[in-house]
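Q: Structure provided below as structure tokens; questions to follow.
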Number of protein chains: 4
Amino acid sequence: MNKIKVSVVGGSGYTGGELIRLLLNHPHAEIKQVTSERFAGKSVSKVHPNLRKRTDLKFIPMFELEETDVLFLCLPHKSSSQKISELKLKCKKIIDLSADFRLKDPAEYKKWYGADHPNPDMMTDFVYGIPELHREEMRAATYVSSAGCNATATILGLYPLYKNDLVEKDRTVVEVKVGSSEAGNEHNAGSHHPERSGCVRSFMPTGHRHTAEMIQELSFGNDISIHFSATSIDMVRGVLATCHVFLNSNLDEKEIWKIYRKEYSSEPFIRIVKDSEGIYRYPEPKLLAGTNYCDIGFEKDMHSNRLVVISAIDNLMKGAAGQALQAFNIMNNIEETTGLEFTGLHPV
Amino acid sequence: MNKIKVSVVGGSGYTGGELIRLLLNHPHAEIKQVTSERFAGKSVSKVHPNLRKRTDLKFIPMFELEETDVLFLCLPHKSSSQKISELKLKCKKIIDLSADFRLKDPAEYKKWYGADHPNPDMMTDFVYGIPELHREEMRAATYVSSAGCNATATILGLYPLYKNDLVEKDRTVVEVKVGSSEAGNEHNAGSHHPERSGCVRSFMPTGHRHTAEMIQELSFGNDISIHFSATSIDMVRGVLATCHVFLNSNLDEKEIWKIYRKEYSSEPFIRIVKDSEGIYRYPEPKLLAGTNYCDIGFEKDMHSNRLVVISAIDNLMKGAAGQALQAFNIMNNIEETTGLEFTGLHPV
Amino acid sequence: MNKIKVSVVGGSGYTGGELIRLLLNHPHAEIKQVTSERFAGKSVSKVHPNLRKRTDLKFIPMFELEETDVLFLCLPHKSSSQKISELKLKCKKIIDLSADFRLKDPAEYKKWYGADHPNPDMMTDFVYGIPELHREEMRAATYVSSAGCNATATILGLYPLYKNDLVEKDRTVVEVKVGSSEAGNEHNAGSHHPERSGCVRSFMPTGHRHTAEMIQELSFGNDISIHFSATSIDMVRGVLATCHVFLNSNLDEKEIWKIYRKEYSSEPFIRIVKDSEGIYRYPEPKLLAGTNYCDIGFEKDMHSNRLVVISAIDNLMKGAAGQALQAFNIMNNIEETTGLEFTGLHPV
Amino acid sequence: MNKIKVSVVGGSGYTGGELIRLLLNHPHAEIKQVTSERFAGKSVSKVHPNLRKRTDLKFIPMFELEETDVLFLCLPHKSSSQKISELKLKCKKIIDLSADFRLKDPAEYKKWYGADHPNPDMMTDFVYGIPELHREEMRAATYVSSAGCNATATILGLYPLYKNDLVEKDRTVVEVKVGSSEAGNEHNAGSHHPERSGCVRSFMPTGHRHTAEMIQELSFGNDISIHFSATSIDMVRGVLATCHVFLNSNLDEKEIWKIYRKEYSSEPFIRIVKDSEGIYRYPEPKLLAGTNYCDIGFEKDMHSNRLVVISAIDNLMKGAAGQALQAFNIMNNIEETTGLEFTGLHPV
């Protein structure tokens with residue numbers, strides 16, 4: 001099999017670095033170019049020190065980008081949509097890891113992003129990037145837009161319940177605990193170690209933009225609310241979404257097991273984690289660092305119709321680069337787990 | 001002023017150690033005895049190494065306990081209620097830091113603790129230990145039962161809203177992020193550092209016993225639900241409660257400010273923390289380590305009637321020993337902040 | 001007793017904040033003014049959030065500084081020496097927390113700082129700020145220069161050995177493990193949480209400037225070497241100095257105990273920590289956060305003449321603001337421990 | 001190529017778990033059995049939760065062990081030497097990850113382990129397990145004994161200097177900073193999270209047993225001393241060895257570069273890390289979690305003949321399971337990097 005030629009646009013950030021790491025180990029992909037305006041001319045391994053002795057790639061400026069098979073866009077938000085018309089001429093397929101093409105509805109975009117979309121005509125050209133929901137569309141897709149990390153954890157956790165219409169529509173509360181890598185590699189006063197270390201910081205109690213994606217993917221034609229909050233903790237990688245949903249009928253845990261099993265039993269990257277003993281009875285992000293897994297667990301409240309669904313991912317993997325590579329495999333008819341086999345470490 | 005003589009029953013745990021630390025610096029209290037069966041005969045500073053060079057106290061076994069003015073009970077849960085009849089003969093006043101006498105209703109106790117209360121006749125003899133709610137009762141009290149740490153953070157965060165009947169009764173969801181000291185000083189497989197470090201662990205998604213205290217203190221005669229979950233994170237001290245309540249009328253943030261200010265403006269240990277800029281815009285437990293503060297903030301969701309209330313404490317201080325000492329001051333007509341002046345550190 | 005009026009020049013950094021915290025709780029000191037060019041006009045508690053509800057002080061620009069009794073200088077290095085001639089007109093006494101006046105010898109300054117001292121005439125006007133070594137000089141001093149944090153931990157650990165000429169002169173190796181607050185509150189690429197978290201970073205394997213102070217204070221007229229390295233770890237506050245010295249005679253641990261006890265037994269802020277059992281057998285910085293203690297322990301190598309001396313402090317306290325306040329007390333004939341009574345927390 | 005059949009004796013600990021993880025992904029190895037007395041009958045993934053959905057293996061008791069090609073022994077120290085006579089009948093080759101067969105000299109064993117070796121006749125049958133030093137012997141070996149983690153980091157860091165006789169023999173001081181996984185998976189009072197979190201603990205200032213291995217491998221017929229200390233920090237995986245050696249001739253950094261390059265340039269798992277700019281100028285263990293790399297850097301002291309050599313590994317990988325698998329590959333004529341390709345994560 002000929003290797004598929006790929007380039008990474010905007011490769012100096014955390015998501016770009018993770019993607020380069022994965023692509024270097026992918027048997028059917030070959031990295032042609034990696035762009036970075038800031039680091040053009042410098043070695044990729046200067047910026048991503050885990051890649052020392054693993055690649056001789058150097059960053060190039062974007063204007064030197066050549067034609068290739070697949071482009072991965074790891075640009076800052078708003079930048080993708082401004083450059084997309086030009087970039088799509090350079091390649092056959094695009095996987096965009098920014099937030100620009102996740103939403104389908106310009107009105108929703110404006111509601112959550114506070115401005116008109118710069119390129120509304122292309123909004124529906126992109127397949128929303130969670131393979132477990134859109135695998136068939138991806139097989140034929142030219143454009144895929146990777147999902148937000150918090151959205152990925154939440155949507156995968158709740159999808160079987162919403163799809164089967166088991167949830168009271170206006171009551172769901174979701175709180176994610178997130179690590180510092182989610183905010184990217186730009187330092188600021190709040191990311192300074194003495195301030196960020198040990199924090200339990202309500203950085204977005206309301207109004208988080210990923211909420212729009214959750215509503216888009218979970219509404220199934222209904223009018224739903226997701227009451228979402230995000231709290232930063234002293235962790236680098238990882239998202240844990242704790243989702244409080246209220247069941248509209250009296251299901252017990254065995255019945256809920258069946259619903260999740262039916263939806264996910266053949267999914268290679270989803271594990272139902274719900275043990276009655278041991279240390280790791282529910283999903284934990286630290287076990288997932290470097291993996292493409294989404295671990296999902298749940299517990300029914302004995303005193304009410306609340307079901308607590310717990311969902312964990314590595315935000316840079318299943319929440320970004322891993323998800324994008326999974327889409328790449330599907331779009332190119334490659335075995336879906338290729339390049340994503342890492343098991344995760346224990347202890348860590 | 002003569003010093004009040006106090007003894008600590010069960011002084012080898014984290015709560016006991018914290019109490020001893022505070023009492024050693026209290027100008028109007030004198031520690032007479034500290035019991036520990038396990039460490040009887042050993043120096044207190046062997047177990048609590050921060051007290052090196054600060055005290056010559058040695059642990060005694062409980063049977064050597066002499067009469068004193070005030071007893072602090074830092075015994076394991078269930079142990080206080082079994083020994084209370086005997087212990088109350090030794091002193092004028094008791095402050096119990098266990099969970100045994102927090103609830104007033106034997107049926108609620110059985111519902112949440114899964115067994116009959118060993119001493120139901122005394123359940124109503126105790127004042128529930130949050131001074132901000134029960135200060136006047138405390139002044140005349142013989143028995144005070146300190147509140148649970150998660151309950152303290154949650155109740156103080158939500159009290160002004162429930163008291164003023166502003167909240168939809170069945171919808172509140174509360175999620176606390178807690179540190180490892182909350183589980184006490186007994187090591188186990190789950191507290192082993194390689195497993196506990198970096199964890200984001202859903203240790204009690206439903207069914208947490210502190211829920212019963214929240215309902216008792218916030219119901220004001222109504223039938224309410226608190227949908228509570230607790231998640232352990234990589235932190236030693238601290239609780240952050242993120243409380244999602246749904247307002248039953250259309251209040252804006254200014255009006256909510258007024259409600260909190262009215263209730264808490266003269267409280268020495270409550271600070272409303274809600275800044276529009278800076279790193280610490282909302283409460284954070286790390287700033288509170290060693291202090292008796294409860295910091296409270298809130299944010300109104302622009303897209304719904306949800307109000308997110310954020311409340312932070314040090315679980316060993318305002319959530320245990322600090323709260324108990326505050327009660328001690330009130331019960332003994334001492335200036336309420338005495339011995340509780342520590343400001344907290346920054347950075348930390 | 002009339003309160004002594006003090007002002008803090010450069011009060012927005014970590015050292016300044018710590019000093020303000022201590023001074024606010026000091027019974028015989030009163031803060032008159034706090035300067036900060038960057039935050040002039042803003043509340044002190046905006047920058048130091050642990051001081052919320054504890055002070056109404058606002059920062060002023062330096063040109064508004066009025067006359068006062070004592071000035072604490074918390075300026076960046078080099079800034080103190082440039083402004084000292086002007087500042088000394090405003091006050092009776094100065095305690096400088098920068099590195100500018102620690103060394104007495106202009107040649108040594110040039111060797112380690114790579115430039116001529118801007119104000120060499122004043123270099124010998126300052127008493128070196130470790131009270132345990134220079135208490136008597138401090139009582140009469142007009143100018144005191146606080147010692148470097150790494151220097152403080154190392155010097156206090158080794159002083160009894162060097163003073164008594166027990167150490168081979170060229171062989172001592174000292175390695176400190178330090179937290180992130182040591183580098184101050186300016187964020188940079190290396191202090192960005194995802195990069196700084198979990199680090200074990202050889203930030204200064206050789207050439208650390210504090211070495212010059214160690215040599216100055218420990219040489220006692222001899223030509224000595226201190227082979228010093230500093231490693232950053234994932235900690236905010238604290239220094240642990242591990243000092244490998246080679247004894248020039250065959251002392252056993254009991255004899256070493258005697259030497260330390262003779263030197264330090266009446267020191268209020270030094271504790272010898274050396275237990276044969278328990279968790280905290282040797283000094284640990286985390287127990288010292290917020291305290292002014294220097295804990296010192298040692299272990300003799302059975303297989304050689306090496307003695308490992310272990311010394312721990314809180315870099316912002318005994319290594320900066322606490323040490324400065326201790327000097328302030330001595331200079332003003334106040335009980336030396338005043339305002340420095342905090343015990344430290346456990347667990348933490 | 002037929003798969004090589006391997007069994008893991010003592011597979012429930014951290015080292016055993018890591019080895020199972022690696023073997024499951026190894027294209028030329030097949031795990032036949034994994035023993036654990038304590039967990040016999042339970043799923044391997046119950047104990048090693050990162051292996052969920054990756055293996056159906058169950059633990060067996062040791063008496064059910066069948067014949068196989070290669071045995072990996074992950075038994076507690078002393079246990080290997082007691083069982084070796086029996087175990088060697090079950091297989092063609094053994095790789096022992098315990099400390100029992102690292103030393104060649106019974107007198108040295110007694111000196112450092114405080115007892116006679118239980119099986120002195122077999123001590124010289126084992127090849128010491130660092131491939132970079134003993135690759136040729138390994139190719140023909142029947143028995144290999146993996147090196148201690150601290151010894152591995154130190155020996156690899158210093159080997160080129162000692163081999164070329166560049167170091168003063170009695171002056172080397174080595175201090176390692178280690179994580180909590182080094183002590184294994186048995187919980188105790190000191191590993192309890194509230195006590196172990198944030199620690200900088202001098203757990204072995206002198207007398208560490210790994211010193212004996214360092215002397216054995218670095219002496220080259222000379223009488224040398226390694227003055228070794230170990231400090232635990234708040235980290236799970238990783239060793240950073242800071243080695244202070246004193247050069248016996250006046251080498252500059254370029255000459256030292258050449259010496260290291262000559263020795264290590266063709267080594268697949270050794271990287272010289274010494275950058276003049278950037279965040280990661282020297283080796284850091286966090287970049288190595290899950291990898292088999294040993295990163296080595298150095299800095300020459302401008303003020304003396306001291307050279308500081310810095311060496312980092314993942315203690316469970318290059319310091320245990322990874323090193324063992326590298327030996328396995330060599331012993332079985334498999335490409336040396338097979339199954340050890342993981343790059344490491346950034347950020348993490």
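Every chain in the structure tokens has a letter given in the order shown (A, B, ...), and although residue numbers restart at 1 in each chain, ligands are simply numbered from 1 in the order shown.
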At a cut-off of 9 Å, list the chain A residues touching chain C, using only C-alpha atoms, as a tab-separated table (two decimals) with all heavy atoms, in the first residue's frame.

A:
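What ended up in part18.tsv:
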```tsv
chain	number	residue	atom	x	y	z
A	179	GLY	N	-7.72	19.35	32.46
A	179	GLY	CA	-6.32	19.64	32.70
A	179	GLY	C	-5.86	20.90	31.97
A	179	GLY	O	-6.61	21.49	31.19
A	180	SER	N	-4.62	21.26	32.22
A	180	SER	CA	-4.12	22.53	31.71
A	180	SER	C	-3.77	22.49	30.23
A	180	SER	O	-3.70	23.54	29.58
A	180	SER	CB	-2.88	22.95	32.51
A	180	SER	OG	-1.87	21.97	32.44
A	181	SER	N	-3.56	21.33	29.66
A	181	SER	CA	-3.21	21.29	28.24
A	181	SER	C	-4.38	21.70	27.36
A	181	SER	O	-4.19	22.08	26.21
A	181	SER	CB	-2.72	19.89	27.84
A	181	SER	OG	-3.75	18.95	27.95
A	184	GLY	N	-4.06	25.02	25.62
A	184	GLY	CA	-3.01	25.26	24.64
A	184	GLY	C	-1.69	25.64	25.25
A	184	GLY	O	-1.52	25.66	26.47
A	185	ASN	N	-0.74	25.97	24.36
A	185	ASN	CA	0.63	26.14	24.85
A	185	ASN	C	1.06	27.59	25.03
A	185	ASN	O	2.24	27.87	25.19
A	185	ASN	CB	1.62	25.39	23.95
A	185	ASN	CG	1.75	26.03	22.59
A	185	ASN	OD1	1.00	26.93	22.26
A	185	ASN	ND2	2.71	25.55	21.81
A	186	GLU	N	0.11	28.52	25.02
A	186	GLU	CA	0.46	29.92	25.28
A	186	GLU	C	0.42	30.20	26.77
A	186	GLU	O	-0.61	30.02	27.41
A	186	GLU	CB	-0.52	30.85	24.56
A	186	GLU	CG	-0.44	30.80	23.05
A	186	GLU	CD	0.87	31.36	22.51
A	186	GLU	OE1	1.42	32.29	23.13
A	186	GLU	OE2	1.35	30.83	21.47
A	187	HIS	N	1.54	30.67	27.31
A	187	HIS	CA	1.54	30.94	28.75
A	187	HIS	C	0.88	32.27	29.07
A	187	HIS	O	0.87	33.19	28.26
A	187	HIS	CB	2.97	30.90	29.30
A	187	HIS	CG	3.93	31.84	28.66
A	187	HIS	ND1	4.13	33.12	29.09
A	187	HIS	CD2	4.75	31.67	27.60
A	187	HIS	CE1	5.04	33.71	28.34
A	187	HIS	NE2	5.44	32.85	27.42
A	188	ASN	N	0.30	32.33	30.25
A	188	ASN	CA	-0.33	33.56	30.71
A	188	ASN	C	-0.31	33.59	32.24
A	188	ASN	O	0.16	32.64	32.87
A	188	ASN	CB	-1.77	33.66	30.17
A	188	ASN	CG	-2.59	32.45	30.57
A	188	ASN	OD1	-2.71	32.14	31.76
A	188	ASN	ND2	-3.14	31.75	29.60
A	189	ALA	N	-0.82	34.65	32.82
A	189	ALA	CA	-0.74	34.78	34.28
A	189	ALA	C	-1.41	33.61	34.99
A	189	ALA	O	-0.93	33.12	36.00
A	189	ALA	CB	-1.38	36.10	34.72
A	190	GLY	N	-2.51	33.14	34.43
A	190	GLY	CA	-3.23	32.06	35.08
A	190	GLY	C	-2.59	30.70	34.89
A	190	GLY	O	-2.87	29.77	35.65
A	191	SER	N	-1.73	30.56	33.90
A	191	SER	CA	-1.08	29.27	33.68
A	191	SER	C	0.29	29.19	34.35
A	191	SER	O	0.97	28.17	34.27
A	191	SER	CB	-0.92	28.99	32.17
A	191	SER	OG	0.18	29.69	31.62
A	192	HIS	N	0.71	30.28	35.00
A	192	HIS	CA	1.98	30.32	35.73
A	192	HIS	C	1.92	29.27	36.84
A	192	HIS	O	0.97	29.24	37.63
A	192	HIS	CB	2.15	31.72	36.30
A	192	HIS	CG	3.48	32.00	36.93
A	192	HIS	ND1	4.68	31.71	36.33
A	192	HIS	CD2	3.79	32.57	38.13
A	192	HIS	CE1	5.67	32.08	37.13
A	192	HIS	NE2	5.16	32.60	38.22
A	193	HIS	N	2.93	28.43	36.92
A	193	HIS	CA	2.85	27.25	37.79
A	193	HIS	C	2.44	27.54	39.23
A	193	HIS	O	1.58	26.84	39.79
A	193	HIS	CB	4.17	26.48	37.74
A	193	HIS	CG	4.15	25.22	38.56
A	193	HIS	ND1	4.50	25.18	39.88
A	193	HIS	CD2	3.81	23.96	38.23
A	193	HIS	CE1	4.38	23.95	40.34
A	193	HIS	NE2	3.98	23.18	39.36
A	194	PRO	N	3.02	28.55	39.89
A	194	PRO	CA	2.62	28.77	41.28
A	194	PRO	C	1.13	29.08	41.43
A	194	PRO	O	0.55	28.83	42.49
A	194	PRO	CB	3.47	29.97	41.72
A	194	PRO	CG	4.62	30.00	40.78
A	194	PRO	CD	4.10	29.47	39.46
A	195	GLU	N	0.52	29.62	40.39
A	195	GLU	CA	-0.91	29.96	40.45
A	195	GLU	C	-1.77	28.79	39.98
A	195	GLU	O	-2.86	28.55	40.50
A	195	GLU	CB	-1.21	31.18	39.56
A	195	GLU	CG	-0.30	32.38	39.77
A	195	GLU	CD	-0.41	32.99	41.16
A	195	GLU	OE1	-1.35	32.68	41.89
A	195	GLU	OE2	0.48	33.79	41.53
A	196	ARG	N	-1.29	28.07	38.99
A	196	ARG	CA	-2.10	27.00	38.38
A	196	ARG	C	-1.98	25.68	39.14
A	196	ARG	O	-2.91	24.88	39.14
A	196	ARG	CB	-1.63	26.83	36.92
A	196	ARG	CG	-2.40	25.81	36.10
A	196	ARG	CD	-3.84	26.21	35.92
A	196	ARG	NE	-4.55	25.31	35.04
A	196	ARG	CZ	-4.92	24.06	35.38
A	196	ARG	NH1	-4.63	23.58	36.56
A	196	ARG	NH2	-5.59	23.31	34.51
A	197	SER	N	-0.85	25.48	39.78
A	197	SER	CA	-0.64	24.26	40.56
A	197	SER	C	-1.63	24.20	41.72
A	197	SER	O	-1.87	25.20	42.40
A	197	SER	CB	0.79	24.26	41.10
A	197	SER	OG	1.00	23.17	41.96
A	234	ASP	N	-5.55	20.36	38.88
A	234	ASP	CA	-4.10	20.22	38.73
A	234	ASP	C	-3.77	18.92	38.00
A	234	ASP	O	-3.45	17.89	38.61
A	234	ASP	CB	-3.43	20.25	40.12
A	234	ASP	CG	-1.92	20.44	40.01
A	234	ASP	OD1	-1.38	20.35	38.89
A	234	ASP	OD2	-1.29	20.68	41.04
A	235	MET	N	-3.85	18.99	36.70
A	235	MET	CA	-3.69	17.84	35.82
A	235	MET	C	-3.26	18.43	34.49
A	235	MET	O	-3.63	19.57	34.18
A	235	MET	CB	-5.05	17.13	35.72
A	235	MET	CG	-5.19	16.08	34.65
A	235	MET	SD	-6.71	15.06	34.91
A	235	MET	CE	-8.00	16.20	34.38
A	236	VAL	N	-2.48	17.73	33.72
A	236	VAL	CA	-2.08	18.26	32.42
A	236	VAL	C	-3.01	17.75	31.32
A	236	VAL	O	-3.58	18.53	30.56
A	236	VAL	CB	-0.61	17.93	32.11
A	236	VAL	CG1	-0.23	18.33	30.69
A	236	VAL	CG2	0.31	18.64	33.10
A	237	ARG	N	-3.13	16.46	31.24
A	237	ARG	CA	-4.00	15.84	30.23
A	237	ARG	C	-5.22	15.25	30.89
A	237	ARG	O	-5.12	14.68	31.97
A	237	ARG	CB	-3.29	14.66	29.56
A	237	ARG	CG	-2.35	15.04	28.51
A	237	ARG	CD	-1.76	13.80	27.86
A	237	ARG	NE	-0.76	14.25	26.94
A	237	ARG	CZ	-0.69	13.87	25.67
A	237	ARG	NH1	-1.53	13.00	25.18
A	237	ARG	NH2	0.25	14.36	24.89
```

Q: With only C-alpha atoms as the counted atoms, please give the residues lying no more than 12 Å from Met302 of chain A, apart from itself and same-chain residues fewer than 5 positions off, as a PyMOL selection string.

A: (chain A and resi 250-253+307-308) or (chain B and resi 111-112+205-208+227-228)

Q: What is the atom CA of Arg209 of chain D to atom CA of Gly148 of chain D distance in Å?

A: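 Straight-line distance from atom CA of Arg209 of chain D to atom CA of Gly148 of chain D works out to 9.1 Å.
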
Q: Which neighbours of Ser229 of chain A fall inside 10 Å, counting only C-alpha atoms, when residues of the same chain fewer than 3 positions from it are skipped, and could you give them as a count of residues only?

A: 19

Q: Write out as a PyMOL selection string the residues lying within 10 Å of Ser146 of chain B, counting only C-alpha atoms and excluding same-chain residues fewer than 6 positions away.

A: chain B and resi 73+95-102+126-131+152+318-325+327
